[in-house]
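Right, one structure below, let's go through it.
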Amino acid sequence: MIKIENLNKSYFTDTLETQALQNINLDIAEGEFISIMGPSGCGKSTLLNMIGLIDQPTDGQIFINQMQLEALPEKKLAEFRNQHLGFIFQSFHLISDLSVIDNVELPLLYRKVNAKKRKEMAEAALEKVGLLHRKNHYPNQLSGGQRQRVAIARAIIGQPSVLLADEPTGNLDSVLGTQVMDLLMELNSASKVTIVMVTHDEAIAQRTNRIVRLFDGNIVN
Amino acid sequence: MLKNYLKIALNSLRKNVLYTGVTLFGISFTLMVLIFAVAVLENELGSNKPMTNSDKLMFIPSMTAKGYERQKETKYDSIWVDDTLKIDTITTTKINRANVVNESNAGLSYSVFNDRLKTMTTPRFKSVYFPKIPINVYPSNAKLELEANLVDAEFWKIFDFKFLEGKAFSEMAVENRVREVVMKKEAAKAYFGDKDSYLGSEFTWGSNGTFKVVGIVDKSVSSNEAVSVDLFFPVTFTNSDDLNYSFGHLGSGHVVLMAHNHNDFDKISAELDKVENNIQPVDDFDEFIFNEKTLEDMYAWGFIGNQTQRFGSKLLGYIFTGLGLFLLIPLINLINLNSTRVLERSAEIGVRKAFGAQTKDVLVQFLFENLILTLIGGFIGLILSQLLLGLFNANQWLGETHLAINPMVAFIGLVIMIVFSFLSGIIPAYRISRIAISNALKTASL
């Protein structure tokens with residue numbers, strides 16, 4: 001499903017090269033739910049950004065669904081992200097000026113889906129996360145857990161084959177975090193969606209199929 | 001998608017009251033000034049009644065008469081006639097065109113128009129009018145100052161006045177020296193008082209006698225002297241000698257020629273050159289030159305230039321350069337404001353791009369949002385400019401010009417708004433659309 005070969009990522013300043021990821025090789029099977037763990041600054045989010053095609057590797061290859069992607073032009077990458085990937089962020093990143101349903105519809109705006117169909121699909125996604133009754137609210141009228149569930153609805157509305165979650169429970173207390181994790185587990189088992197999650201929480205990580213541990217830009221397990 | 005952008009734009013405007021206020025003030029004030037300038041130009045130079053044919057009009061408000069230095073040359077020759085030596089004297093006079101000794105600029109005489117210009121074949125219509133004759137009348141024992149033009153019948157074919165009552169005097173009426181008058185409605189109201197109809201009323205012009213009102217016309221938006229006066233009398237009511245100066249071919253008449261189309265001006269000029277060449281020297285003047293002017297030149301004459309030169313294009317150049325510079329300052333300010341505003345929304349752009357938005361989608365979004373802002377500002381600017389025009393009209397700060405926002409002004413205003421919106425939005429929109437997603441997502445606020 002996801003294959004990463006010899007992936008390196010360096011950041012450069014005038015005088016300094018910082019290697020964020022070093023020679024990463026990783027295979028993730030279809031329908032697998034993995035978590036990436038490691039101390040702050042070890043390259044977890046950088047790796048997730050590489051898989052999510054929102055950052056370019058310095059070298060190495062990224063394959064998703066057997067397509068080599070890292071060198072595609074910006075337009076093709078945008079299309080691929082739109083069709084195949086869903087994102088969940090630690091700080092939710094909901095657009096505060098848009099209602100819940102408008103936020104959830106967002107990925108479909110770039111797919112030329114008509115307004116009626118968008119609304120139907122957004123309502124179905126909100127139904128899945130149990131927030132249909134909140135569809136006309138605005139993000140600042142929701143609790144943290146509800147916001148993250150809206151973000152999950154936005155991530156799954158386009159029926160992506162891969163969900164990328166960057167510390168989805170990081171801004172939530174343990175009860176809300178567990179609820180969000182339950183929801184991700186349910187999506188993984190019901191829809192067979194592949195999930196790659198970055199987390200600091202060992203207990204949360206233990207619920208996933210596999211834990212990939214990073215240290216100083218290297219996979220250590 | 002546009003609905004989504006619209007919601008974001010309106011909510012964003014509501015949220016940032018200070019930014020919105022400052023921006024809207026800048027846009028509306030700028031557009032007010034620009035719309036005002038467009039309104040002045042459009043009303044003066046545009047295709048509006050009674051100058052719907054404004055782009056086909058060639059005016060000859062004056063002619064230049066030139067007298068050149070005469071150089072006399074006497075030659076002596078001696079011949080023998082019947083054994084007597086006779087001296088034969090031959091005197092020749094040469095005209096030295098390099099040295100003008102006598103020059104006069106003035107309007108045209110009625111006879112020059114009738115004898116030389118009326119027979120021209122290239123223009124569609126040819127008319128002579130004697131402009132801005134001051135008339136003081138005393139209705140109800142109060143002094144009323146009016147201005148009149150003496151016009152021929154073809155005048156009404158060139159200038160399509162909106163007749164509120166009656167009609168213009170006919171060619172036959174002009175030929176028969178019928179004592180009729182066409183009045184502007186305001187002048188009729190001022191002279192006769194408020195009446196349902198002014199047709200058939202008699203206007204008394206001092207010792208010139210009385211004239212029957214045969215037509216009432218609406219006011220003209222242009223300040224051009226051909227159409228801005230209060231009354232129009234047939235040119236023939238007075239003795240034609242009064243319309244010719246006693247020297248040269250000069251007088252106080254202005255001629256207006258209407259071309260079949262705008263491209264015919266060169267043909268008309270060429271025919272005028274021929275007419276000039278055929279005018280015989282008279283009263284120490286050797287050459288007569290018709291000073292041709294377009295409507296733009298006539299308008300420019302009030303500010304720059306003189307009778308003989310044409311400054312219409314130059315004046316328009318100055319005006320457009322001035323407006324361009326005026327536009328530049330708020331434009332740069334708005335670009336800076338927009339740059340700050342869009343940077344605050346980096347995270348939103350990051351999310352949109354993560355979910356599949358392409359650079360062009362982000363570009364379109366911000367241009368659209370900026371267009372909404374500009375249209376709101378433009379609408380306020382339109383209201384402000386309407387108030388400004390009303391103020392200018394009420395106080396006659398632009399003299400005879402009656403300013404109005406007609407459909408053409410509104411259309412040009414809309415084009416200015418769109419261009420302004422595009423120019424002020426494109427640089428910030430382009431910058432933000434190129435932002436790296438991973439960097440954009442590091443920004444916490446949305």
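Each chain of the structure tokens is named A, B, ... in the order shown, its residues numbered from 1; ligands are numbered from 1 in display order.
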
### Task
Pick out the residues sitting within 12 Å of Arg345 (chain B), and hand them over as JSON, numbers by chain; count only C-alpha atoms, and ignore anything fewer than 2 positions along from it in its own chain.
{"A": [93, 94, 95, 96, 97], "B": [8, 9, 12, 338, 339, 340, 341, 342, 343, 347, 348, 349, 350, 351, 352, 362, 366, 428, 429, 432, 433, 435, 440, 441, 442, 443, 444, 445, 446]}

Write a file of the selected residues as a CSV table (one decimal), in the first residue's frame, keeping N, CA and C atoms.
```csv
chain,number,residue,atom,x,y,z
A,93,HIS,N,-7.3,22.4,12.7
A,93,HIS,CA,-7.3,23.2,11.5
A,93,HIS,C,-8.6,23.2,10.8
A,94,LEU,N,-9.7,23.5,11.5
A,94,LEU,CA,-11.0,23.8,10.9
A,94,LEU,C,-11.0,25.3,10.6
A,95,ILE,N,-11.7,25.6,9.5
A,95,ILE,CA,-11.8,27.0,9.1
A,95,ILE,C,-12.9,27.7,9.9
A,96,SER,N,-12.5,28.6,10.8
A,96,SER,CA,-13.5,29.2,11.7
A,96,SER,C,-14.6,30.0,11.1
A,97,ASP,N,-14.3,30.5,9.8
A,97,ASP,CA,-15.4,31.3,9.2
A,97,ASP,C,-16.4,30.4,8.5
B,8,ILE,N,-16.6,32.9,3.3
B,8,ILE,CA,-15.3,33.2,3.9
B,8,ILE,C,-15.0,34.7,3.8
B,9,ALA,N,-15.3,35.3,2.6
B,9,ALA,CA,-15.0,36.7,2.4
B,9,ALA,C,-15.8,37.5,3.3
B,12,SER,N,-14.9,37.0,7.0
B,12,SER,CA,-13.6,37.6,7.2
B,12,SER,C,-13.7,39.1,7.4
B,338,ASN,N,-3.5,43.8,2.0
B,338,ASN,CA,-3.9,42.4,1.5
B,338,ASN,C,-2.8,41.4,1.8
B,339,SER,N,-1.5,41.8,1.7
B,339,SER,CA,-0.4,40.9,1.9
B,339,SER,C,-0.4,40.5,3.4
B,340,THR,N,-0.7,41.4,4.3
B,340,THR,CA,-0.7,41.1,5.7
B,340,THR,C,-1.9,40.2,6.0
B,341,ARG,N,-3.1,40.5,5.4
B,341,ARG,CA,-4.3,39.8,5.6
B,341,ARG,C,-4.2,38.3,5.2
B,342,VAL,N,-3.6,38.1,4.0
B,342,VAL,CA,-3.5,36.7,3.5
B,342,VAL,C,-2.5,35.9,4.3
B,343,LEU,N,-1.5,36.6,4.8
B,343,LEU,CA,-0.5,35.8,5.6
B,343,LEU,C,-1.1,35.3,6.9
B,347,ALA,N,-2.6,29.1,7.5
B,347,ALA,CA,-3.0,27.8,7.9
B,347,ALA,C,-4.2,27.3,7.1
B,348,GLU,N,-5.1,28.2,6.8
B,348,GLU,CA,-6.3,27.9,6.0
B,348,GLU,C,-5.8,27.4,4.6
B,349,ILE,N,-4.9,28.1,4.1
B,349,ILE,CA,-4.3,27.8,2.7
B,349,ILE,C,-3.7,26.4,2.8
B,350,GLY,N,-2.9,26.2,3.9
B,350,GLY,CA,-2.3,24.9,4.1
B,350,GLY,C,-3.3,23.8,4.1
B,351,VAL,N,-4.4,24.0,4.8
B,351,VAL,CA,-5.4,22.9,4.9
B,351,VAL,C,-6.0,22.7,3.5
B,352,ARG,N,-6.4,23.8,2.8
B,352,ARG,CA,-7.0,23.7,1.5
B,352,ARG,C,-6.1,22.9,0.6
B,362,VAL,N,-6.3,28.6,-5.1
B,362,VAL,CA,-6.0,29.6,-4.0
B,362,VAL,C,-6.0,31.0,-4.6
B,366,PHE,N,-8.6,34.1,-3.5
B,366,PHE,CA,-8.2,35.4,-2.9
B,366,PHE,C,-8.6,36.5,-3.9
B,428,PRO,N,-0.5,39.7,-3.6
B,428,PRO,CA,-0.7,38.9,-2.4
B,428,PRO,C,-1.3,37.5,-2.6
B,429,ALA,N,-2.2,37.4,-3.5
B,429,ALA,CA,-2.8,36.1,-3.8
B,429,ALA,C,-1.8,35.2,-4.4
B,432,ILE,N,0.7,34.0,-1.6
B,432,ILE,CA,0.1,33.1,-0.6
B,432,ILE,C,-0.2,31.7,-1.3
B,433,SER,N,-0.5,31.8,-2.6
B,433,SER,CA,-0.8,30.5,-3.3
B,433,SER,C,0.4,29.7,-3.4
B,435,ILE,N,2.7,29.3,-1.1
B,435,ILE,CA,3.3,28.9,0.2
B,435,ILE,C,3.4,27.4,0.3
B,440,ALA,N,2.8,26.3,6.0
B,440,ALA,CA,1.5,27.0,6.3
B,440,ALA,C,0.8,26.3,7.4
B,441,LEU,N,0.9,25.0,7.5
B,441,LEU,CA,0.2,24.3,8.6
B,441,LEU,C,0.8,24.5,10.0
B,442,LYS,N,2.0,25.0,10.0
B,442,LYS,CA,2.6,25.3,11.3
B,442,LYS,C,2.0,26.5,12.0
B,443,THR,N,1.3,27.3,11.2
B,443,THR,CA,0.6,28.5,11.7
B,443,THR,C,-0.7,27.9,12.5
B,444,ALA,N,-0.8,28.4,13.7
B,444,ALA,CA,-1.9,27.8,14.5
B,444,ALA,C,-3.3,28.3,14.1
B,445,SER,N,-3.4,29.6,13.9
B,445,SER,CA,-4.8,30.2,13.7
B,445,SER,C,-5.3,29.9,12.3
B,446,LEU,N,-6.7,29.8,12.3
B,446,LEU,CA,-7.4,29.7,11.0
B,446,LEU,C,-8.4,30.7,10.9
```

Could you write out as a compact mmCIF listing (two decimals) with N, CA, C and O atoms, in the first residue's frame the residues of chain A within 10 Å of chain B, counting only C-alpha atoms?
```txt
# COMPACT_ATOMS: atom_id res chain seq x y z
N SER A 45 6.63 14.04 12.42
CA SER A 45 5.73 14.83 11.57
C SER A 45 6.31 15.01 10.18
O SER A 45 5.59 15.05 9.18
N THR A 46 7.65 15.11 10.12
CA THR A 46 8.30 15.24 8.81
C THR A 46 8.00 14.00 7.97
O THR A 46 7.65 14.10 6.78
N ASN A 49 4.49 14.11 6.83
CA ASN A 49 4.34 15.08 5.73
C ASN A 49 4.84 14.50 4.41
O ASN A 49 4.28 14.79 3.34
N MET A 50 5.90 13.68 4.49
CA MET A 50 6.42 13.06 3.26
C MET A 50 5.39 12.08 2.71
O MET A 50 5.11 12.07 1.51
N GLY A 52 2.29 12.15 3.28
CA GLY A 52 1.11 12.92 2.85
C GLY A 52 1.37 13.82 1.65
O GLY A 52 0.50 14.56 1.21
N LEU A 53 2.58 13.77 1.12
CA LEU A 53 2.94 14.53 -0.10
C LEU A 53 2.78 16.03 0.10
O LEU A 53 2.45 16.77 -0.84
N ILE A 54 2.94 16.47 1.35
CA ILE A 54 2.86 17.93 1.56
C ILE A 54 4.25 18.50 1.82
O ILE A 54 4.40 19.67 2.14
N ASP A 55 5.26 17.69 1.71
CA ASP A 55 6.64 18.14 1.77
C ASP A 55 7.46 17.24 0.85
O ASP A 55 7.09 16.08 0.63
N GLN A 56 8.52 17.78 0.31
CA GLN A 56 9.32 17.02 -0.67
C GLN A 56 10.54 16.40 0.02
O GLN A 56 11.22 17.09 0.78
N GLU A 74 3.31 19.65 -8.99
CA GLU A 74 2.40 20.13 -7.95
C GLU A 74 0.93 19.82 -8.24
O GLU A 74 0.19 19.37 -7.37
N LYS A 75 0.54 19.97 -9.49
CA LYS A 75 -0.87 19.76 -9.86
C LYS A 75 -1.27 18.29 -9.64
O LYS A 75 -2.34 18.00 -9.09
N LYS A 76 -0.39 17.38 -10.06
CA LYS A 76 -0.68 15.95 -9.93
C LYS A 76 -0.70 15.55 -8.46
O LYS A 76 -1.53 14.73 -8.04
N LEU A 77 0.23 16.13 -7.69
CA LEU A 77 0.27 15.82 -6.25
C LEU A 77 -1.03 16.27 -5.58
O LEU A 77 -1.58 15.56 -4.74
N ALA A 78 -1.49 17.48 -5.96
CA ALA A 78 -2.73 18.00 -5.38
C ALA A 78 -3.90 17.07 -5.72
O ALA A 78 -4.74 16.77 -4.85
N GLU A 79 -3.94 16.62 -6.96
CA GLU A 79 -5.01 15.70 -7.36
C GLU A 79 -4.94 14.39 -6.57
O GLU A 79 -5.96 13.86 -6.13
N PHE A 80 -3.70 13.90 -6.39
CA PHE A 80 -3.53 12.63 -5.67
C PHE A 80 -3.97 12.78 -4.21
O PHE A 80 -4.68 11.94 -3.66
N ARG A 81 -3.53 13.88 -3.57
CA ARG A 81 -3.93 14.12 -2.18
C ARG A 81 -5.44 14.17 -2.07
O ARG A 81 -6.04 13.60 -1.16
N ASN A 82 -6.04 14.87 -3.03
CA ASN A 82 -7.48 15.03 -3.00
C ASN A 82 -8.22 13.69 -3.15
O ASN A 82 -9.23 13.45 -2.49
N GLN A 83 -7.71 12.82 -3.99
CA GLN A 83 -8.41 11.57 -4.30
C GLN A 83 -8.09 10.46 -3.30
O GLN A 83 -8.95 9.62 -3.03
N HIS A 84 -6.87 10.44 -2.76
CA HIS A 84 -6.43 9.26 -2.03
C HIS A 84 -6.07 9.50 -0.57
O HIS A 84 -5.94 8.53 0.17
N LEU A 85 -5.86 10.73 -0.16
CA LEU A 85 -5.37 10.97 1.20
C LEU A 85 -6.34 11.83 2.02
O LEU A 85 -7.03 12.70 1.48
N GLY A 86 -6.36 11.54 3.32
CA GLY A 86 -7.13 12.37 4.24
C GLY A 86 -6.23 12.78 5.39
O GLY A 86 -5.34 12.01 5.80
N PHE A 87 -6.43 14.00 5.89
CA PHE A 87 -5.52 14.52 6.93
C PHE A 87 -6.29 14.88 8.20
O PHE A 87 -7.38 15.47 8.14
N ILE A 88 -5.67 14.52 9.33
CA ILE A 88 -6.21 14.93 10.63
C ILE A 88 -5.04 15.59 11.38
O ILE A 88 -3.96 15.01 11.46
N PHE A 89 -5.29 16.80 11.87
CA PHE A 89 -4.20 17.55 12.49
C PHE A 89 -4.42 17.68 14.00
O PHE A 89 -5.57 17.68 14.47
N SER A 91 -4.09 20.32 15.85
CA SER A 91 -4.88 21.51 16.23
C SER A 91 -6.11 21.66 15.31
O SER A 91 -6.57 22.76 15.05
N PHE A 92 -6.60 20.58 14.82
CA PHE A 92 -7.85 20.45 14.06
C PHE A 92 -7.82 21.15 12.70
O PHE A 92 -8.28 20.63 11.71
N HIS A 93 -7.33 22.41 12.70
CA HIS A 93 -7.28 23.19 11.47
C HIS A 93 -8.62 23.24 10.76
O HIS A 93 -8.71 23.03 9.54
N LEU A 94 -9.67 23.54 11.53
CA LEU A 94 -10.97 23.80 10.90
C LEU A 94 -11.01 25.29 10.56
O LEU A 94 -10.40 26.11 11.25
N ILE A 95 -11.73 25.63 9.51
CA ILE A 95 -11.78 27.04 9.10
C ILE A 95 -12.90 27.71 9.91
O ILE A 95 -14.08 27.36 9.77
N SER A 96 -12.49 28.65 10.75
CA SER A 96 -13.45 29.21 11.72
C SER A 96 -14.57 30.01 11.06
O SER A 96 -15.63 30.18 11.64
N ASP A 97 -14.34 30.50 9.84
CA ASP A 97 -15.38 31.29 9.17
C ASP A 97 -16.41 30.42 8.45
O ASP A 97 -17.36 30.95 7.88
N LEU A 98 -16.19 29.12 8.46
CA LEU A 98 -17.14 28.24 7.79
C LEU A 98 -17.86 27.37 8.81
O LEU A 98 -17.28 26.99 9.83
N SER A 99 -19.11 27.03 8.51
CA SER A 99 -19.87 26.15 9.40
C SER A 99 -19.27 24.74 9.35
O SER A 99 -18.43 24.44 8.48
N ASP A 102 -19.78 23.06 6.02
CA ASP A 102 -18.91 23.66 4.97
C ASP A 102 -17.47 23.20 5.14
O ASP A 102 -16.77 22.98 4.15
N ASN A 103 -17.04 23.07 6.39
CA ASN A 103 -15.69 22.56 6.63
C ASN A 103 -15.54 21.14 6.12
O ASN A 103 -14.54 20.79 5.50
N GLU A 105 -17.23 19.65 3.83
CA GLU A 105 -17.33 19.59 2.36
C GLU A 105 -16.03 19.96 1.64
O GLU A 105 -15.86 19.68 0.46
N LEU A 106 -15.13 20.62 2.36
CA LEU A 106 -13.97 21.26 1.73
C LEU A 106 -13.21 20.39 0.70
O LEU A 106 -12.97 20.85 -0.42
N PRO A 107 -12.87 19.13 1.01
CA PRO A 107 -12.12 18.35 0.00
C PRO A 107 -12.89 18.16 -1.30
O PRO A 107 -12.29 18.05 -2.37
N LEU A 108 -14.22 18.16 -1.20
CA LEU A 108 -15.02 17.92 -2.41
C LEU A 108 -15.09 19.15 -3.31
O LEU A 108 -15.45 19.05 -4.48
N LEU A 109 -14.74 20.32 -2.72
CA LEU A 109 -14.74 21.55 -3.55
C LEU A 109 -13.73 21.42 -4.69
O LEU A 109 -13.89 22.04 -5.74
N TYR A 110 -12.72 20.61 -4.46
CA TYR A 110 -11.66 20.49 -5.47
C TYR A 110 -11.83 19.23 -6.31
O TYR A 110 -10.91 18.73 -6.92
N ARG A 111 -13.06 18.68 -6.30
CA ARG A 111 -13.35 17.48 -7.07
C ARG A 111 -14.48 17.69 -8.07
O ARG A 111 -14.97 16.75 -8.66
N LYS A 112 -14.96 18.89 -8.18
CA LYS A 112 -16.07 19.19 -9.08
C LYS A 112 -17.30 18.31 -8.77
O LYS A 112 -17.90 17.72 -9.66
N VAL A 113 -17.63 18.23 -7.49
CA VAL A 113 -18.86 17.54 -7.07
C VAL A 113 -19.91 18.63 -6.88
O VAL A 113 -19.60 19.67 -6.30
N ASN A 114 -21.13 18.39 -7.38
CA ASN A 114 -22.12 19.46 -7.28
C ASN A 114 -22.57 19.67 -5.83
O ASN A 114 -22.38 18.80 -4.98
N ALA A 115 -23.17 20.82 -5.58
CA ALA A 115 -23.46 21.25 -4.22
C ALA A 115 -24.37 20.26 -3.49
O ALA A 115 -24.18 19.97 -2.30
N ARG A 154 -14.14 15.50 7.86
CA ARG A 154 -13.55 16.16 6.68
C ARG A 154 -12.51 15.25 6.02
O ARG A 154 -12.41 15.18 4.80
N ALA A 155 -11.76 14.53 6.86
CA ALA A 155 -10.71 13.66 6.31
C ALA A 155 -11.29 12.47 5.56
O ALA A 155 -10.69 11.98 4.60
N GLY A 158 -13.96 12.22 1.42
CA GLY A 158 -13.58 11.86 0.04
C GLY A 158 -13.24 10.38 -0.11
O GLY A 158 -12.76 9.97 -1.16
```

Quick check for you: according to DSSP on this backbone, which residues of region 180-291 of chain B are classed as alpha helix (DSSP H)? Reply as a compact mmCIF listing (two decimals) with all heavy atoms, in the first residue's frame.
```
# COMPACT_ATOMS: atom_id res chain seq x y z
N LYS B 185 -35.77 73.86 -21.20
CA LYS B 185 -36.92 73.89 -20.30
C LYS B 185 -36.69 74.83 -19.10
O LYS B 185 -37.58 75.58 -18.71
CB LYS B 185 -37.23 72.49 -19.79
CG LYS B 185 -38.54 72.45 -19.04
CD LYS B 185 -38.96 71.09 -18.63
CE LYS B 185 -40.31 71.19 -17.90
NZ LYS B 185 -40.74 69.92 -17.38
N GLU B 186 -35.46 74.79 -18.54
CA GLU B 186 -35.17 75.65 -17.38
C GLU B 186 -35.32 77.14 -17.75
O GLU B 186 -35.83 77.93 -16.97
CB GLU B 186 -33.74 75.44 -16.86
CG GLU B 186 -33.50 74.13 -16.19
CD GLU B 186 -33.11 73.04 -17.16
OE1 GLU B 186 -33.30 73.23 -18.39
OE2 GLU B 186 -32.64 71.98 -16.71
N ALA B 187 -34.86 77.47 -18.97
CA ALA B 187 -34.94 78.87 -19.41
C ALA B 187 -36.40 79.27 -19.59
O ALA B 187 -36.81 80.38 -19.19
CB ALA B 187 -34.16 79.04 -20.71
N ALA B 188 -37.19 78.36 -20.18
CA ALA B 188 -38.61 78.65 -20.40
C ALA B 188 -39.32 78.85 -19.07
O ALA B 188 -40.13 79.76 -18.88
CB ALA B 188 -39.25 77.52 -21.19
N LYS B 189 -38.95 77.99 -18.11
CA LYS B 189 -39.56 78.07 -16.79
C LYS B 189 -39.18 79.38 -16.11
O LYS B 189 -40.02 80.05 -15.48
CB LYS B 189 -39.08 76.88 -15.96
CG LYS B 189 -39.87 76.59 -14.72
CD LYS B 189 -39.35 75.30 -14.09
CE LYS B 189 -39.85 75.16 -12.68
NZ LYS B 189 -39.32 73.97 -12.02
N ALA B 190 -37.90 79.75 -16.26
CA ALA B 190 -37.43 81.00 -15.63
C ALA B 190 -38.09 82.21 -16.29
O ALA B 190 -38.39 83.19 -15.62
CB ALA B 190 -35.92 81.09 -15.75
N TYR B 191 -38.35 82.11 -17.60
CA TYR B 191 -38.89 83.28 -18.32
C TYR B 191 -40.41 83.36 -18.20
O TYR B 191 -40.98 84.41 -17.90
CB TYR B 191 -38.49 83.21 -19.79
CG TYR B 191 -38.91 84.42 -20.59
CD1 TYR B 191 -38.16 85.60 -20.56
CD2 TYR B 191 -40.07 84.38 -21.37
CE1 TYR B 191 -38.57 86.71 -21.28
CE2 TYR B 191 -40.47 85.48 -22.09
CZ TYR B 191 -39.72 86.66 -22.05
OH TYR B 191 -40.12 87.75 -22.76
N PHE B 192 -41.06 82.20 -18.44
CA PHE B 192 -42.53 82.21 -18.47
C PHE B 192 -43.17 81.80 -17.15
O PHE B 192 -44.37 81.90 -16.98
CB PHE B 192 -43.04 81.24 -19.54
CG PHE B 192 -42.63 81.62 -20.94
CD1 PHE B 192 -41.73 80.84 -21.66
CD2 PHE B 192 -43.15 82.77 -21.54
CE1 PHE B 192 -41.35 81.19 -22.95
CE2 PHE B 192 -42.77 83.11 -22.85
CZ PHE B 192 -41.88 82.33 -23.54
N PHE B 265 -12.57 61.68 -41.03
CA PHE B 265 -11.99 62.98 -40.68
C PHE B 265 -10.87 63.39 -41.64
O PHE B 265 -10.75 64.57 -41.99
CB PHE B 265 -11.45 62.97 -39.24
CG PHE B 265 -12.52 63.18 -38.19
CD1 PHE B 265 -13.86 63.29 -38.55
CD2 PHE B 265 -12.20 63.28 -36.86
CE1 PHE B 265 -14.86 63.48 -37.60
CE2 PHE B 265 -13.18 63.48 -35.90
CZ PHE B 265 -14.51 63.57 -36.28
N ASP B 266 -10.06 62.41 -42.06
CA ASP B 266 -8.96 62.74 -42.98
C ASP B 266 -9.50 63.26 -44.31
O ASP B 266 -8.96 64.21 -44.88
CB ASP B 266 -8.08 61.51 -43.22
CG ASP B 266 -7.21 61.21 -42.01
OD1 ASP B 266 -7.11 62.09 -41.14
OD2 ASP B 266 -6.68 60.09 -41.94
N LYS B 267 -10.57 62.63 -44.78
CA LYS B 267 -11.16 63.07 -46.06
C LYS B 267 -11.70 64.49 -45.92
O LYS B 267 -11.55 65.32 -46.81
CB LYS B 267 -12.33 62.14 -46.43
CG LYS B 267 -11.92 60.77 -46.93
CD LYS B 267 -13.17 60.03 -47.38
CE LYS B 267 -12.97 58.53 -47.25
NZ LYS B 267 -14.22 57.80 -47.30
N ILE B 268 -12.35 64.73 -44.77
CA ILE B 268 -12.92 66.07 -44.55
C ILE B 268 -11.79 67.11 -44.49
O ILE B 268 -11.88 68.19 -45.10
CB ILE B 268 -13.77 66.10 -43.26
CG1 ILE B 268 -14.99 65.20 -43.44
CG2 ILE B 268 -14.18 67.51 -42.90
CD1 ILE B 268 -15.85 65.05 -42.20
N SER B 269 -10.71 66.76 -43.79
CA SER B 269 -9.57 67.68 -43.70
C SER B 269 -8.99 67.98 -45.08
O SER B 269 -8.64 69.13 -45.39
CB SER B 269 -8.46 67.08 -42.83
OG SER B 269 -8.86 67.07 -41.50
N ALA B 270 -8.91 66.93 -45.90
CA ALA B 270 -8.36 67.11 -47.25
C ALA B 270 -9.26 68.04 -48.05
O ALA B 270 -8.77 68.93 -48.77
CB ALA B 270 -8.23 65.76 -47.93
N GLU B 271 -10.56 67.88 -47.92
CA GLU B 271 -11.47 68.77 -48.66
C GLU B 271 -11.39 70.20 -48.13
O GLU B 271 -11.43 71.16 -48.91
CB GLU B 271 -12.92 68.25 -48.58
CG GLU B 271 -13.83 68.99 -49.56
CD GLU B 271 -15.26 68.49 -49.58
OE1 GLU B 271 -15.60 67.55 -48.84
OE2 GLU B 271 -16.05 69.07 -50.37
N LEU B 272 -11.21 70.32 -46.80
CA LEU B 272 -11.07 71.66 -46.23
C LEU B 272 -9.81 72.35 -46.76
O LEU B 272 -9.81 73.56 -47.02
CB LEU B 272 -11.00 71.58 -44.69
CG LEU B 272 -12.34 71.45 -43.98
CD1 LEU B 272 -12.13 71.15 -42.50
CD2 LEU B 272 -13.19 72.72 -44.12
N ASP B 273 -8.74 71.56 -46.94
CA ASP B 273 -7.50 72.13 -47.50
C ASP B 273 -7.77 72.70 -48.89
O ASP B 273 -7.28 73.78 -49.24
CB ASP B 273 -6.41 71.04 -47.60
CG ASP B 273 -5.86 70.68 -46.23
OD1 ASP B 273 -6.12 71.44 -45.28
OD2 ASP B 273 -5.21 69.63 -46.12
N LYS B 274 -8.55 71.95 -49.66
CA LYS B 274 -8.87 72.42 -51.02
C LYS B 274 -9.66 73.72 -50.95
O LYS B 274 -9.42 74.66 -51.71
CB LYS B 274 -9.70 71.37 -51.77
CG LYS B 274 -8.87 70.25 -52.33
CD LYS B 274 -9.77 69.34 -53.15
CE LYS B 274 -9.04 68.04 -53.45
NZ LYS B 274 -9.95 67.01 -53.94
N VAL B 275 -10.63 73.76 -50.03
CA VAL B 275 -11.45 74.97 -49.88
C VAL B 275 -10.55 76.15 -49.51
O VAL B 275 -10.67 77.24 -50.08
CB VAL B 275 -12.55 74.76 -48.80
CG1 VAL B 275 -13.30 76.06 -48.54
CG2 VAL B 275 -13.51 73.67 -49.24
N GLU B 276 -9.63 75.91 -48.57
CA GLU B 276 -8.71 76.99 -48.15
C GLU B 276 -7.93 77.53 -49.36
O GLU B 276 -7.77 78.75 -49.53
CB GLU B 276 -7.70 76.45 -47.13
CG GLU B 276 -8.27 76.24 -45.75
CD GLU B 276 -7.33 75.42 -44.87
OE1 GLU B 276 -6.25 75.01 -45.33
OE2 GLU B 276 -7.70 75.17 -43.71
N ASN B 277 -7.44 76.61 -50.17
CA ASN B 277 -6.60 77.02 -51.31
C ASN B 277 -7.37 77.82 -52.35
O ASN B 277 -6.78 78.57 -53.14
CB ASN B 277 -5.98 75.78 -51.98
CG ASN B 277 -4.98 75.12 -51.06
OD1 ASN B 277 -4.42 75.77 -50.18
ND2 ASN B 277 -4.78 73.82 -51.22
N ASN B 278 -8.68 77.63 -52.35
CA ASN B 278 -9.49 78.34 -53.35
C ASN B 278 -9.99 79.70 -52.88
O ASN B 278 -10.67 80.39 -53.62
CB ASN B 278 -10.70 77.48 -53.75
CG ASN B 278 -10.25 76.31 -54.62
OD1 ASN B 278 -9.24 76.43 -55.32
ND2 ASN B 278 -10.97 75.21 -54.56
```

### Test item: residues at most 8 Å from region 228-235 of chain B, only C-alpha atoms, excluding those fewer than 2 positions along its chain, as JSON, numbers by chain
{"B": [129, 130, 132, 146, 147, 148, 149, 150, 151, 152, 153, 169, 174, 177, 178, 179, 180, 181, 182, 183, 184, 186, 187, 219, 220, 221, 222, 223, 224, 225, 226, 237, 238, 400]}
